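Okay, upload_0.cif now, which holds mmCIF, C-alpha atoms:
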data_target
#
loop_
_atom_site.label_atom_id
_atom_site.label_comp_id
_atom_site.auth_asym_id
_atom_site.auth_seq_id
_atom_site.Cartn_x
_atom_site.Cartn_y
_atom_site.Cartn_z
CA MET A 1 13.15 -104.69 72.26
CA GLU A 2 10.55 -106.96 70.66
CA ASP A 3 8.43 -103.97 69.62
CA PHE A 4 11.55 -102.20 68.34
CA LEU A 5 12.54 -105.13 66.12
CA TYR A 6 8.98 -105.65 64.96
CA PHE A 7 8.65 -101.99 63.95
CA PHE A 8 12.04 -101.45 62.27
CA THR A 9 12.23 -104.81 60.49
CA PHE A 10 8.89 -104.01 58.79
CA GLN A 11 7.37 -107.43 59.49
CA ASP A 12 3.99 -105.77 59.06
CA ALA A 13 3.50 -104.22 55.60
CA SER A 14 1.35 -101.45 57.06
CA ILE A 15 4.33 -100.28 59.16
CA ALA A 16 6.44 -100.08 56.01
CA PHE A 17 3.75 -97.90 54.41
CA VAL A 18 3.75 -95.64 57.46
CA VAL A 19 7.55 -95.28 57.53
CA ILE A 20 7.72 -94.57 53.79
CA GLY A 21 4.89 -92.08 54.12
CA ILE A 22 6.32 -90.19 57.12
CA THR A 23 9.75 -90.09 55.45
CA LEU A 24 8.39 -88.57 52.25
CA LEU A 25 6.16 -86.17 54.20
CA GLY A 26 9.06 -85.09 56.39
CA ILE A 27 11.48 -84.50 53.53
CA GLY A 28 8.90 -82.62 51.46
CA SER A 29 7.90 -80.41 54.40
CA ALA A 30 11.54 -79.79 55.33
CA TYR A 31 12.42 -78.73 51.77
CA VAL A 32 9.54 -76.26 51.58
CA GLY A 33 10.10 -75.07 55.14
CA THR A 34 13.81 -74.45 54.55
CA TYR A 35 13.07 -72.09 51.66
CA SER A 36 10.35 -70.44 53.76
CA PHE A 37 12.77 -70.07 56.67
CA LEU A 38 15.44 -68.53 54.43
CA ASP A 39 12.80 -66.23 52.93
CA LYS A 40 11.82 -65.10 56.45
CA LYS A 41 8.25 -66.37 55.91
CA ALA A 42 8.15 -68.81 58.81
CA LEU A 43 4.87 -67.47 60.20
CA LEU A 44 3.14 -68.02 56.87
CA GLY A 45 3.56 -71.78 57.23
CA ASP A 46 2.09 -71.63 60.73
CA ALA A 47 -0.94 -69.71 59.45
CA ILE A 48 -1.54 -72.13 56.58
CA SER A 49 -1.24 -75.18 58.83
CA HIS A 50 -3.98 -73.84 61.11
CA ALA A 51 -6.08 -72.53 58.22
CA VAL A 52 -6.51 -75.96 56.58
CA LEU A 53 -8.68 -77.30 59.42
CA PRO A 54 -11.97 -75.84 58.04
CA GLY A 55 -11.19 -77.40 54.66
CA ILE A 56 -10.60 -80.78 56.27
CA CYS A 57 -13.95 -80.59 58.03
CA LEU A 58 -15.79 -79.39 54.92
CA GLY A 59 -14.19 -82.19 52.90
CA PHE A 60 -15.42 -84.71 55.45
CA ILE A 61 -18.93 -83.19 55.44
CA LEU A 62 -19.13 -83.36 51.65
CA ALA A 63 -17.80 -86.93 51.44
CA GLY A 64 -19.52 -88.22 54.57
CA GLU A 65 -16.32 -90.11 55.38
CA LYS A 66 -12.56 -89.59 55.71
CA ASN A 67 -11.98 -89.78 51.96
CA PRO A 68 -8.36 -88.66 51.34
CA ILE A 69 -9.22 -86.99 48.03
CA TYR A 70 -11.94 -84.86 49.61
CA ILE A 71 -9.79 -84.17 52.66
CA VAL A 72 -6.80 -83.06 50.56
CA SER A 73 -8.95 -80.99 48.21
CA GLY A 74 -10.78 -79.25 51.04
CA ALA A 75 -7.58 -78.59 52.99
CA PHE A 76 -5.84 -77.23 49.88
CA ALA A 77 -8.75 -74.90 49.08
CA SER A 78 -8.84 -73.62 52.65
CA GLY A 79 -5.07 -73.10 52.76
CA ALA A 80 -5.11 -71.36 49.36
CA LEU A 81 -7.87 -69.02 50.52
CA ALA A 82 -5.91 -68.15 53.66
CA THR A 83 -2.76 -67.49 51.61
CA PHE A 84 -4.67 -65.27 49.19
CA LEU A 85 -6.26 -63.28 52.02
CA ILE A 86 -2.89 -62.75 53.70
CA SER A 87 -1.39 -61.51 50.43
CA TRP A 88 -4.39 -59.30 49.62
CA LEU A 89 -4.57 -57.74 53.07
CA ARG A 90 -0.81 -57.10 53.03
CA SER A 91 -1.12 -55.26 49.71
CA ASN A 92 -4.35 -53.35 50.36
CA THR A 93 -4.26 -52.43 54.05
CA LYS A 94 -1.85 -50.76 56.44
CA LEU A 95 -1.89 -53.71 58.82
CA SER A 96 1.46 -55.26 59.67
CA GLU A 97 2.19 -58.71 58.28
CA ASP A 98 2.34 -60.39 61.69
CA ALA A 99 -1.06 -58.89 62.64
CA ILE A 100 -2.59 -60.16 59.39
CA ILE A 101 -1.14 -63.66 59.82
CA ALA A 102 -2.28 -63.84 63.46
CA SER A 103 -5.81 -62.77 62.50
CA ILE A 104 -6.15 -65.22 59.60
CA LEU A 105 -4.71 -68.05 61.71
CA SER A 106 -7.14 -67.40 64.58
CA ILE A 107 -10.22 -66.94 62.40
CA PHE A 108 -9.69 -70.02 60.24
CA PHE A 109 -8.65 -72.26 63.10
CA GLY A 110 -11.58 -71.11 65.22
CA PHE A 111 -13.98 -71.79 62.35
CA GLY A 112 -12.40 -75.21 61.92
CA ILE A 113 -12.94 -76.06 65.58
CA VAL A 114 -16.61 -75.06 65.25
CA LEU A 115 -17.05 -77.33 62.23
CA LEU A 116 -15.25 -80.17 64.01
CA THR A 117 -17.60 -79.80 66.98
CA VAL A 118 -20.62 -79.87 64.67
CA ILE A 119 -19.35 -83.06 63.01
CA GLN A 120 -18.73 -84.72 66.39
CA LYS A 121 -22.32 -83.97 67.43
CA SER A 122 -23.76 -85.18 64.11
CA GLY A 123 -23.53 -88.82 65.11
CA ASN A 124 -21.80 -89.86 61.87
CA PRO A 125 -19.97 -93.12 62.72
CA GLU A 126 -17.25 -92.28 60.14
CA MET A 127 -16.11 -89.32 62.20
CA ALA A 128 -13.99 -91.56 64.48
CA GLY A 129 -10.39 -90.41 64.36
CA LEU A 130 -11.17 -87.11 62.64
CA ASN A 131 -9.87 -85.18 65.65
CA GLN A 132 -6.49 -86.85 65.07
CA PHE A 133 -5.90 -84.15 62.46
CA ILE A 134 -5.37 -81.77 65.40
CA PHE A 135 -2.23 -83.48 66.77
CA GLY A 136 -1.59 -86.10 64.11
CA ASN A 137 -1.42 -89.88 64.08
CA ALA A 138 0.98 -91.33 61.54
CA ILE A 139 0.00 -94.90 62.42
CA ALA A 140 -3.43 -94.16 60.94
CA ILE A 141 -1.90 -93.70 57.46
CA LEU A 142 -3.27 -96.46 55.21
CA GLU A 143 -1.96 -97.81 51.91
CA GLU A 144 -4.40 -95.72 49.87
CA ASP A 145 -3.40 -92.63 51.89
CA LEU A 146 0.25 -93.29 51.05
CA TYR A 147 -0.43 -93.18 47.32
CA ILE A 148 -1.96 -89.70 47.65
CA TYR A 149 0.09 -88.10 50.45
CA GLY A 150 3.34 -89.81 49.51
CA GLY A 151 2.83 -89.06 45.81
CA LEU A 152 2.25 -85.36 46.50
CA ALA A 153 5.29 -85.26 48.78
CA LEU A 154 7.40 -86.81 46.05
CA VAL A 155 6.15 -84.18 43.59
CA ILE A 156 7.19 -81.43 46.01
CA ILE A 157 10.66 -82.93 46.48
CA ILE A 158 11.21 -83.35 42.72
CA ILE A 159 10.05 -79.82 41.84
CA LEU A 160 12.16 -78.15 44.52
CA THR A 161 15.18 -80.24 43.51
CA LEU A 162 14.90 -79.65 39.75
CA PHE A 163 14.23 -75.92 40.07
CA GLN A 164 16.59 -75.17 42.94
CA LYS A 165 18.13 -72.22 41.08
CA GLU A 166 14.77 -70.53 40.50
CA PHE A 167 13.60 -70.95 44.08
CA SER A 168 17.00 -69.79 45.35
CA LEU A 169 16.55 -66.57 43.38
CA LEU A 170 13.09 -66.18 44.92
CA VAL A 171 14.52 -66.49 48.42
CA PHE A 172 17.80 -64.60 48.12
CA ASN A 173 17.41 -62.02 45.35
CA PRO A 174 14.04 -61.83 43.58
CA ASP A 175 14.84 -58.41 42.08
CA PHE A 176 17.90 -59.83 40.34
CA GLY A 177 15.86 -62.80 39.13
CA LYS A 178 13.28 -60.44 37.66
CA ALA A 179 16.00 -58.34 36.05
CA ILE A 180 17.47 -61.33 34.20
CA GLY A 181 14.08 -62.41 32.91
CA TYR A 182 12.71 -64.95 35.37
CA PRO A 183 8.92 -64.78 36.05
CA MET A 184 9.33 -64.25 39.79
CA GLU A 185 5.60 -63.74 40.43
CA SER A 186 4.82 -67.12 38.87
CA ILE A 187 7.65 -68.73 40.82
CA ARG A 188 6.24 -67.21 44.02
CA LEU A 189 2.81 -68.60 43.15
CA ILE A 190 4.25 -72.08 42.55
CA PHE A 191 6.13 -71.92 45.83
CA ASN A 192 2.99 -70.95 47.74
CA VAL A 193 1.16 -73.88 46.13
CA LEU A 194 3.96 -76.23 47.18
CA MET A 195 3.84 -74.88 50.74
CA ILE A 196 0.09 -75.41 50.93
CA LEU A 197 0.51 -78.95 49.59
CA ALA A 198 3.27 -79.65 52.13
CA VAL A 199 0.96 -78.59 54.94
CA VAL A 200 -2.00 -80.52 53.55
CA ILE A 201 -0.13 -83.81 53.17
CA GLY A 202 1.46 -83.54 56.62
CA ILE A 203 -1.61 -82.83 58.70
CA GLN A 204 -2.69 -86.44 59.18
CA ALA A 205 0.75 -87.45 60.46
CA ILE A 206 1.70 -84.31 62.42
CA GLY A 207 -1.54 -82.40 62.94
CA VAL A 208 -2.54 -78.83 62.16
CA VAL A 209 -1.31 -77.46 65.49
CA LEU A 210 2.27 -78.68 65.16
CA MET A 211 2.74 -78.73 61.39
CA ALA A 212 4.61 -75.42 61.47
CA ALA A 213 7.32 -77.08 63.55
CA LEU A 214 7.86 -79.71 60.85
CA LEU A 215 8.16 -76.95 58.28
CA ILE A 216 10.57 -74.61 60.06
CA THR A 217 12.55 -76.51 62.71
CA PRO A 218 14.50 -78.83 60.34
CA GLY A 219 15.80 -75.92 58.28
CA ALA A 220 16.58 -73.85 61.36
CA ALA A 221 18.52 -76.76 62.90
CA ALA A 222 20.39 -77.53 59.68
CA ARG A 223 21.36 -73.86 59.29
CA PHE A 224 23.78 -74.24 62.20
CA TRP A 225 25.77 -76.84 60.26
CA THR A 226 26.22 -75.33 56.81
CA ASP A 227 25.90 -72.24 54.61
CA ARG A 228 25.45 -74.21 51.37
CA LEU A 229 21.86 -74.56 50.19
CA GLY A 230 22.21 -78.08 48.77
CA ILE A 231 23.69 -79.49 51.98
CA LEU A 232 21.18 -77.46 54.01
CA LEU A 233 18.26 -79.13 52.23
CA ILE A 234 19.75 -82.60 52.67
CA LEU A 235 20.36 -82.06 56.39
CA ALA A 236 16.89 -80.57 56.93
CA GLY A 237 15.28 -83.51 55.12
CA THR A 238 17.33 -85.98 57.16
CA PHE A 239 16.43 -84.31 60.48
CA SER A 240 12.76 -84.27 59.54
CA ALA A 241 12.67 -87.89 58.34
CA VAL A 242 14.50 -89.21 61.42
CA SER A 243 12.24 -87.25 63.77
CA GLY A 244 9.14 -88.41 61.91
CA ILE A 245 10.14 -92.07 62.13
CA LEU A 246 11.00 -91.81 65.83
CA GLY A 247 7.74 -89.99 66.59
CA THR A 248 5.82 -92.66 64.69
CA TYR A 249 7.61 -95.39 66.63
CA VAL A 250 6.49 -93.81 69.92
CA SER A 251 2.90 -93.73 68.61
CA PHE A 252 3.26 -97.40 67.71
CA ILE A 253 4.38 -98.57 71.15
CA LEU A 254 2.06 -96.12 72.96
CA PRO A 255 -1.20 -96.26 70.97
CA GLN A 256 -2.83 -93.41 72.90
CA MET A 257 0.10 -91.08 72.22
CA PRO A 258 -0.35 -88.73 69.22
CA THR A 259 2.46 -88.60 66.68
CA GLY A 260 2.82 -84.85 66.22
CA PRO A 261 4.06 -83.89 69.71
CA TRP A 262 6.71 -86.61 69.69
CA VAL A 263 7.93 -85.64 66.24
CA VAL A 264 8.30 -82.09 67.51
CA VAL A 265 10.10 -83.33 70.64
CA CYS A 266 12.61 -85.24 68.48
CA LEU A 267 13.03 -82.25 66.16
CA SER A 268 13.53 -79.96 69.14
CA LEU A 269 16.20 -82.27 70.51
CA LEU A 270 18.05 -82.22 67.18
CA ALA A 271 17.69 -78.43 67.03
CA LEU A 272 19.07 -78.13 70.58
CA ILE A 273 22.04 -80.34 69.71
CA SER A 274 22.67 -78.22 66.61
CA PHE A 275 22.33 -75.00 68.59
CA LEU A 276 24.87 -76.15 71.16
CA PHE A 277 27.36 -78.36 69.33
CA ALA A 278 27.37 -77.53 65.61
CA PRO A 279 30.90 -76.65 64.42
CA LYS A 280 31.57 -72.91 64.05
CA LYS A 281 27.96 -71.81 64.72
CA GLY A 282 27.05 -73.82 67.82
CA VAL A 283 27.05 -71.93 71.11
CA ILE A 284 29.61 -74.21 72.74
CA SER A 285 31.78 -74.31 69.61
CA ARG A 286 31.73 -70.51 69.36
CA PHE A 287 32.53 -70.22 73.06
CA ILE A 288 35.52 -72.55 72.67
CA SER A 289 36.70 -70.73 69.54
CA ARG A 290 36.36 -67.34 71.19
CA ASN A 291 38.13 -68.52 74.34
CA THR A 292 40.96 -70.00 72.23
CA TYR A 293 41.25 -66.76 70.26
CA LEU A 294 41.39 -64.63 73.42
CA LYS A 295 44.09 -66.87 74.89
CA LYS A 296 46.13 -66.67 71.67
CA THR A 297 45.67 -62.89 71.59
CA HIS A 298 46.97 -62.48 75.14
CA GLN A 299 49.96 -64.69 74.38
CA ASP A 300 50.79 -62.56 71.32
CA HIS A 301 50.54 -59.39 73.39
CA LEU A 302 52.86 -60.88 76.01
CA MET A 303 55.35 -61.81 73.28
CA LYS A 304 55.22 -58.24 71.93
CA THR A 305 55.87 -56.87 75.41
CA LEU A 306 58.95 -59.08 75.81
CA TYR A 307 60.23 -58.05 72.35
CA LYS A 308 59.78 -54.34 73.08
CA ALA A 309 61.75 -54.82 76.30
CA ILE A 310 64.63 -56.23 74.25
CA GLU A 311 64.36 -53.24 71.87
CA GLU A 312 64.76 -51.01 74.91
CA GLY A 313 67.96 -52.81 75.89
CA LYS A 314 66.56 -55.24 78.45
CA LYS A 315 67.35 -58.93 78.22
CA PHE A 316 64.34 -60.06 80.20
CA LEU A 317 61.26 -59.02 82.15
CA THR A 318 60.33 -60.00 85.66
CA ILE A 319 56.96 -61.46 86.57
CA ASP A 320 56.08 -58.23 88.38
CA GLU A 321 56.90 -56.16 85.29
CA ILE A 322 54.63 -58.38 83.21
CA TYR A 323 51.84 -57.94 85.77
CA GLN A 324 52.33 -54.17 85.55
CA ALA A 325 52.12 -54.34 81.75
CA PHE A 326 48.79 -56.20 82.01
CA PRO A 327 47.03 -54.76 85.09
CA HIS A 328 44.19 -56.79 86.62
CA GLN A 329 45.11 -59.78 84.41
CA SER A 330 47.64 -61.59 86.59
CA GLY A 331 45.90 -64.96 86.29
CA LYS A 332 45.58 -64.68 82.51
CA SER A 333 49.22 -63.55 82.25
CA MET A 334 50.47 -66.50 84.30
CA ASN A 335 48.45 -68.92 82.15
CA SER A 336 49.97 -67.37 79.01
CA ILE A 337 53.46 -67.75 80.48
CA HIS A 338 52.86 -71.46 81.14
CA ARG A 339 51.55 -72.03 77.59
CA LEU A 340 54.44 -70.16 75.98
CA ILE A 341 56.91 -72.20 78.04
CA ARG A 342 55.28 -75.42 76.80
CA LYS A 343 55.59 -74.14 73.22
CA GLY A 344 59.28 -73.42 73.72
CA LEU A 345 58.87 -69.70 73.02
CA ILE A 346 59.98 -68.43 76.44
CA THR A 347 61.89 -69.69 79.47
CA ARG A 348 61.38 -68.80 83.09
CA ASN A 349 64.06 -68.71 85.78
CA GLU A 350 62.46 -67.94 89.13
CA GLN A 351 60.90 -64.48 88.60
CA VAL A 352 62.60 -63.80 85.25
CA VAL A 353 61.01 -64.45 81.83
CA ILE A 354 63.21 -64.59 78.69
CA LEU A 355 62.42 -65.15 75.01
CA THR A 356 64.05 -68.20 73.41
CA ASP A 357 65.57 -67.93 69.92
CA THR A 358 62.39 -69.38 68.48
CA GLY A 359 60.36 -67.00 70.65
CA LYS A 360 62.36 -64.00 69.39
CA SER A 361 61.58 -64.92 65.79
CA GLU A 362 57.86 -65.33 66.55
CA ALA A 363 57.72 -62.13 68.61
CA LYS A 364 59.47 -60.24 65.80
CA ARG A 365 56.79 -61.44 63.38
CA ILE A 366 53.97 -60.31 65.68
CA VAL A 367 55.53 -56.87 66.18
CA ARG A 368 56.08 -56.52 62.43
CA LEU A 369 52.42 -57.29 61.72
CA HIS A 370 51.27 -54.82 64.35
CA ARG A 371 53.42 -51.99 63.03
CA LEU A 372 52.53 -52.72 59.41
CA TRP A 373 48.85 -52.47 60.29
CA GLU A 374 49.44 -49.22 62.15
CA LEU A 375 51.15 -47.77 59.09
CA TYR A 376 48.41 -49.02 56.76
CA LEU A 377 45.66 -47.53 58.93
CA ASN A 378 47.54 -44.24 59.09
CA GLU A 379 48.36 -43.94 55.38
CA TYR A 380 45.31 -45.51 53.71
CA MET A 381 42.55 -44.97 56.27
CA ASN A 382 43.75 -41.51 57.37
CA ILE A 383 43.65 -42.43 61.05
CA ALA A 384 45.87 -40.33 63.28
CA PRO A 385 49.01 -42.10 64.60
CA ASP A 386 47.81 -41.84 68.20
CA HIS A 387 44.55 -43.66 67.29
CA VAL A 388 45.84 -46.64 65.29
CA HIS A 389 47.19 -48.80 68.13
CA ASP A 390 43.92 -50.32 69.39
CA SER A 391 42.69 -51.18 65.88
CA ALA A 392 46.04 -52.75 64.99
CA GLU A 393 45.88 -54.81 68.18
CA LYS A 394 42.73 -56.48 66.84
CA LEU A 395 43.71 -56.82 63.18
CA GLU A 396 47.25 -58.15 63.62
CA HIS A 397 45.94 -61.59 64.63
CA LEU A 398 44.00 -62.01 61.38
CA LEU A 399 46.92 -61.65 58.98
CA THR A 400 47.95 -64.68 56.94
CA PRO A 401 51.45 -64.86 55.38
CA GLU A 402 49.87 -64.05 51.99
CA LEU A 403 48.19 -60.92 53.37
CA GLU A 404 51.39 -59.92 55.11
CA THR A 405 53.31 -60.09 51.82
CA LEU A 406 50.60 -58.11 50.03
CA LEU A 407 50.54 -55.51 52.80
CA GLU A 408 54.31 -55.01 52.67
CA LYS A 409 54.22 -54.58 48.89
CA ARG A 410 51.37 -52.09 49.17
CA LEU A 411 53.37 -50.08 51.72
CA ASN A 412 56.59 -50.42 49.65
CA PHE A 413 58.47 -52.40 52.31
CA PRO A 414 58.52 -49.64 54.95
CA LYS A 415 61.17 -49.36 57.65
CA LEU A 416 59.28 -47.21 60.20
CA ASP A 417 55.73 -47.23 61.58
CA PRO A 418 53.67 -44.04 62.27
CA HIS A 419 55.39 -43.71 65.67
CA GLN A 420 58.80 -43.84 63.96
CA GLU A 421 59.55 -47.22 65.48
CA ASN A 422 61.50 -49.77 63.47
CA ILE A 423 59.50 -52.40 61.55
CA PRO A 424 61.62 -55.52 62.17
CA ARG A 425 62.63 -57.95 59.43
CA ASP A 426 63.70 -61.57 59.69
CA HIS A 427 67.30 -60.68 58.97
CA ASP A 428 67.42 -57.99 61.67
CA ASP A 429 69.44 -58.83 64.79
CA LEU A 430 68.43 -57.92 68.32
#

Same coordinates, now as structure tokens:
Amino acid sequence: MEDFLYFFTFQDASIAFVVIGITLLGIGSAYVGTYSFLDKKALLGDAISHAVLPGICLGFILAGEKNPIYIVSGAFASGALATFLISWLRSNTKLSEDAIIASILSIFFGFGIVLLTVIQKSGNPEMAGLNQFIFGNAIAILEEDLYIYGGLALVIIIILTLFQKEFSLLVFNPDFGKAIGYPMESIRLIFNVLMILAVVIGIQAIGVVLMAALLITPGAAARFWTDRLGILLILAGTFSAVSGILGTYVSFILPQMPTGPWVVVCLSLLALISFLFAPKKGVISRFISRNTYLKKTHQDHLMKTLYKAIEEGKKFLTIDEIYQAFPHQSGKSMNSIHRLIRKGLITRNEQVVILTDTGKSEAKRIVRLHRLWELYLNEYMNIAPDHVHDSAEKLEHLLTPELETLLEKRLNFPKLDPHQENIPRDHDDL
């Protein structure tokens, strides 16, 4: 608890610099990564993050120390070269994009490891901590680093925010953007520069190996919660910033623990929560919605069966007759009966099931929707009368009162369905 309070109350100014830095880095990376994720270019970020390692090492060799200007410049040059080679090979060879990205990633990263080994054997005392660029160490961010890395992150955030429309066109419909006069090639170039910068400024905190996770995972997790780009960017930035701060806190209380893996663990946890519990798109939410829909569908079908029995002159159906109407679904049918009783739509007396007055009105509505859809499918979709039933069974549950009114007007308030059965109205008596 003491360490927790010490860290999050920012009693040490250096901790405040670290938290500000990791927050800006996380938001900037998440913004770029979200556009990359939506553009289906996730692997490009992974390739760039590995490809900057040779530039980091060359920057250190030229400066003789971990000078942030040399490190950033070298990493940017290396990442830019990798991006250019990927683009050139994609345009001038028959190699698939994933093969090109895998090759560039492996070659650059392997060369970077060789240079890192050479530096470690050189005996330069300034090389201490250089290998932290592999897995990241946010605690090592100094005040002068914050001015460079944080400043570049802020530039990325501002550019992507101010030119959201242009980058949205790049991601969703570049051909349309080109048709209305936008310089899409220049916008693509600017975006690639921003992606390289996002990777470069994040490597010290997250590391080259795991930087791709900081780029892609926030956007992928946020995508489960919303379809709106503005909210998506805000959620992705929030997920990334929170994960970065938590990962940094772990590095603070466990000095030998690198930051990058813990940031990824926190991001993965948020992504898992989103995957399972996000409204509408989460696995559990979709399962509940689907299960609810299937239960409602079976109840509607049971109501239709009871209504058709009344049309045939019966006043009720027995439990056995309902089981016969829905073979191999006795358990589901009994559950539907219990729910409809609780809703006041049917009553049960021993083995006899009867529609209440409210139930008759609701059943009439369901039958009307079904027969209207059958007639629409027959007249407007040219589907034979003996083939419309199954489709109408699925579509009848999707009709709103507004669509029902529109459908009746389109069909000129019909009285009979394709099977010459009566389409019931509210004023009709049973």

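Among the candidates A:Asn349, A:Ser73, A:Thr9, A:Thr34, the residue lying nearest to A:Gln164 is A:Thr34 (atoms considered: all atoms listed in the file).
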
Hey, which bits of stretch 162-222 of chain A sit within 10 Å of stretch 275-286 of chain A, and for each residue what's the closest pair of atoms and how far apart in Å (one decimal), counting only C-alpha atoms, rows by chain and increasing number, as JSON lines?
{"residue": "A:Ala220", "atom": "CA", "partner": "A:Phe275", "partner_atom": "CA", "distance": 9.3}
{"residue": "A:Ala221", "atom": "CA", "partner": "A:Phe275", "partner_atom": "CA", "distance": 7.1}
{"residue": "A:Ala222", "atom": "CA", "partner": "A:Ala278", "partner_atom": "CA", "distance": 9.2}

For the selection just defined, write its residues with C-alpha atoms to a file, as a PDB file, in the coordinates of the input.
ATOM      1  CA  ALA A 220      16.580 -73.850  61.360  1.00  0.00           C
ATOM      2  CA  ALA A 221      18.520 -76.760  62.900  1.00  0.00           C
ATOM      3  CA  ALA A 222      20.390 -77.530  59.680  1.00  0.00           C
TER       4      ALA A 222
END

Can you give me, as a ChimeraX atom specification, the residues this file yields under the PyMOL selection byres ((chain A and resi 202) around 9)?
-> /A:22,25-26,29,136,149,153,197-201,203-208,211,214

Can I get the selected residues back with C-alpha atoms, as a PDB file, in the coordinates of the input?
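Contents of the output file again_22.pdb:
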ATOM      1  CA  ILE A  22       6.320 -90.190  57.120  1.00  0.00           C
ATOM      2  CA  LEU A  25       6.160 -86.170  54.200  1.00  0.00           C
ATOM      3  CA  GLY A  26       9.060 -85.090  56.390  1.00  0.00           C
ATOM      4  CA  SER A  29       7.900 -80.410  54.400  1.00  0.00           C
ATOM      5  CA  GLY A 136      -1.590 -86.100  64.110  1.00  0.00           C
ATOM      6  CA  TYR A 149       0.090 -88.100  50.450  1.00  0.00           C
ATOM      7  CA  ALA A 153       5.290 -85.260  48.780  1.00  0.00           C
ATOM      8  CA  LEU A 197       0.510 -78.950  49.590  1.00  0.00           C
ATOM      9  CA  ALA A 198       3.270 -79.650  52.130  1.00  0.00           C
ATOM     10  CA  VAL A 199       0.960 -78.590  54.940  1.00  0.00           C
ATOM     11  CA  VAL A 200      -2.000 -80.520  53.550  1.00  0.00           C
ATOM     12  CA  ILE A 201      -0.130 -83.810  53.170  1.00  0.00           C
ATOM     13  CA  ILE A 203      -1.610 -82.830  58.700  1.00  0.00           C
ATOM     14  CA  GLN A 204      -2.690 -86.440  59.180  1.00  0.00           C
ATOM     15  CA  ALA A 205       0.750 -87.450  60.460  1.00  0.00           C
ATOM     16  CA  ILE A 206       1.700 -84.310  62.420  1.00  0.00           C
ATOM     17  CA  GLY A 207      -1.540 -82.400  62.940  1.00  0.00           C
ATOM     18  CA  VAL A 208      -2.540 -78.830  62.160  1.00  0.00           C
ATOM     19  CA  MET A 211       2.740 -78.730  61.390  1.00  0.00           C
ATOM     20  CA  LEU A 214       7.860 -79.710  60.850  1.00  0.00           C
TER      21      LEU A 214
END

Evaluate the PyMOL selection byres ((chain A and resi 334) around 12) on the structure here and hand back the selected residues as a PyMOL selection string.
-> chain A and resi 295+298-299+302+318-320+322-323+326+328-333+335-341+348+351+353

Kindly extract all protein, DNA and RNA residues lying within 7 Å of the coordinates (-7.1, -76.5, 54.4) given in the file, considering all atoms listed in the file, and supply them as a ChimeraX atom specification.
-> /A:51-56,74-79,200

Next, dump the selected residues to file, keeping only C-alpha atoms, as a PDB file, keeping the file's coordinate frame.
ATOM      1  CA  ALA A  51      -6.080 -72.530  58.220  1.00  0.00           C
ATOM      2  CA  VAL A  52      -6.510 -75.960  56.580  1.00  0.00           C
ATOM      3  CA  LEU A  53      -8.680 -77.300  59.420  1.00  0.00           C
ATOM      4  CA  PRO A  54     -11.970 -75.840  58.040  1.00  0.00           C
ATOM      5  CA  GLY A  55     -11.190 -77.400  54.660  1.00  0.00           C
ATOM      6  CA  ILE A  56     -10.600 -80.780  56.270  1.00  0.00           C
ATOM      7  CA  GLY A  74     -10.780 -79.250  51.040  1.00  0.00           C
ATOM      8  CA  ALA A  75      -7.580 -78.590  52.990  1.00  0.00           C
ATOM      9  CA  PHE A  76      -5.840 -77.230  49.880  1.00  0.00           C
ATOM     10  CA  ALA A  77      -8.750 -74.900  49.080  1.00  0.00           C
ATOM     11  CA  SER A  78      -8.840 -73.620  52.650  1.00  0.00           C
ATOM     12  CA  GLY A  79      -5.070 -73.100  52.760  1.00  0.00           C
ATOM     13  CA  VAL A 200      -2.000 -80.520  53.550  1.00  0.00           C
TER      14      VAL A 200
END

Which residue, A:His389, A:Leu369, A:Val209, A:Ala271, has the smallest gap to A:Ile113 when you use all atoms listed in the file?
-> A:Val209

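Separating atom CA of A:Thr305 from atom CA of A:Ala363 is a distance of 8.8 Å.
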
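The closest residue to A:Trp225, picked from A:Asn67, A:Thr297, A:Ser274, A:Asn412 and counting all atoms listed in the file, is A:Ser274.
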
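As for atom CA of A:Leu345 and atom CA of A:Phe316, they are spaced 13.2 Å apart.
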
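The interatomic distance for the pair atom CA of A:Phe37 and atom CA of A:Leu232 works out to 11.5 Å.
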
Evaluate the PyMOL selection byres ((chain A and resi 394) around 12) and report residues as a PyMOL selection string = chain A and resi 293-294+296-298+300-301+366+369-370+373-374+388-393+395-399

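For the set A:Leu85, A:Gln256, A:Gly219, A:Ala384, the residue with the smallest atom-to-atom gap to A:Thr238 is A:Gly219, counting only C-alpha atoms.
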
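When only C-alpha atoms are used to compute distances to A:Gly237, the closest of the residues A:Ile216, A:Ile273, A:Ile69, A:Ile383 turns out to be A:Ile216.
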
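Ranking A:Ala63, A:Ile101, A:Leu377, A:Leu44 by their shortest atom-to-atom distance to A:Leu89, with all atoms listed in the file included, puts A:Ile101 first.
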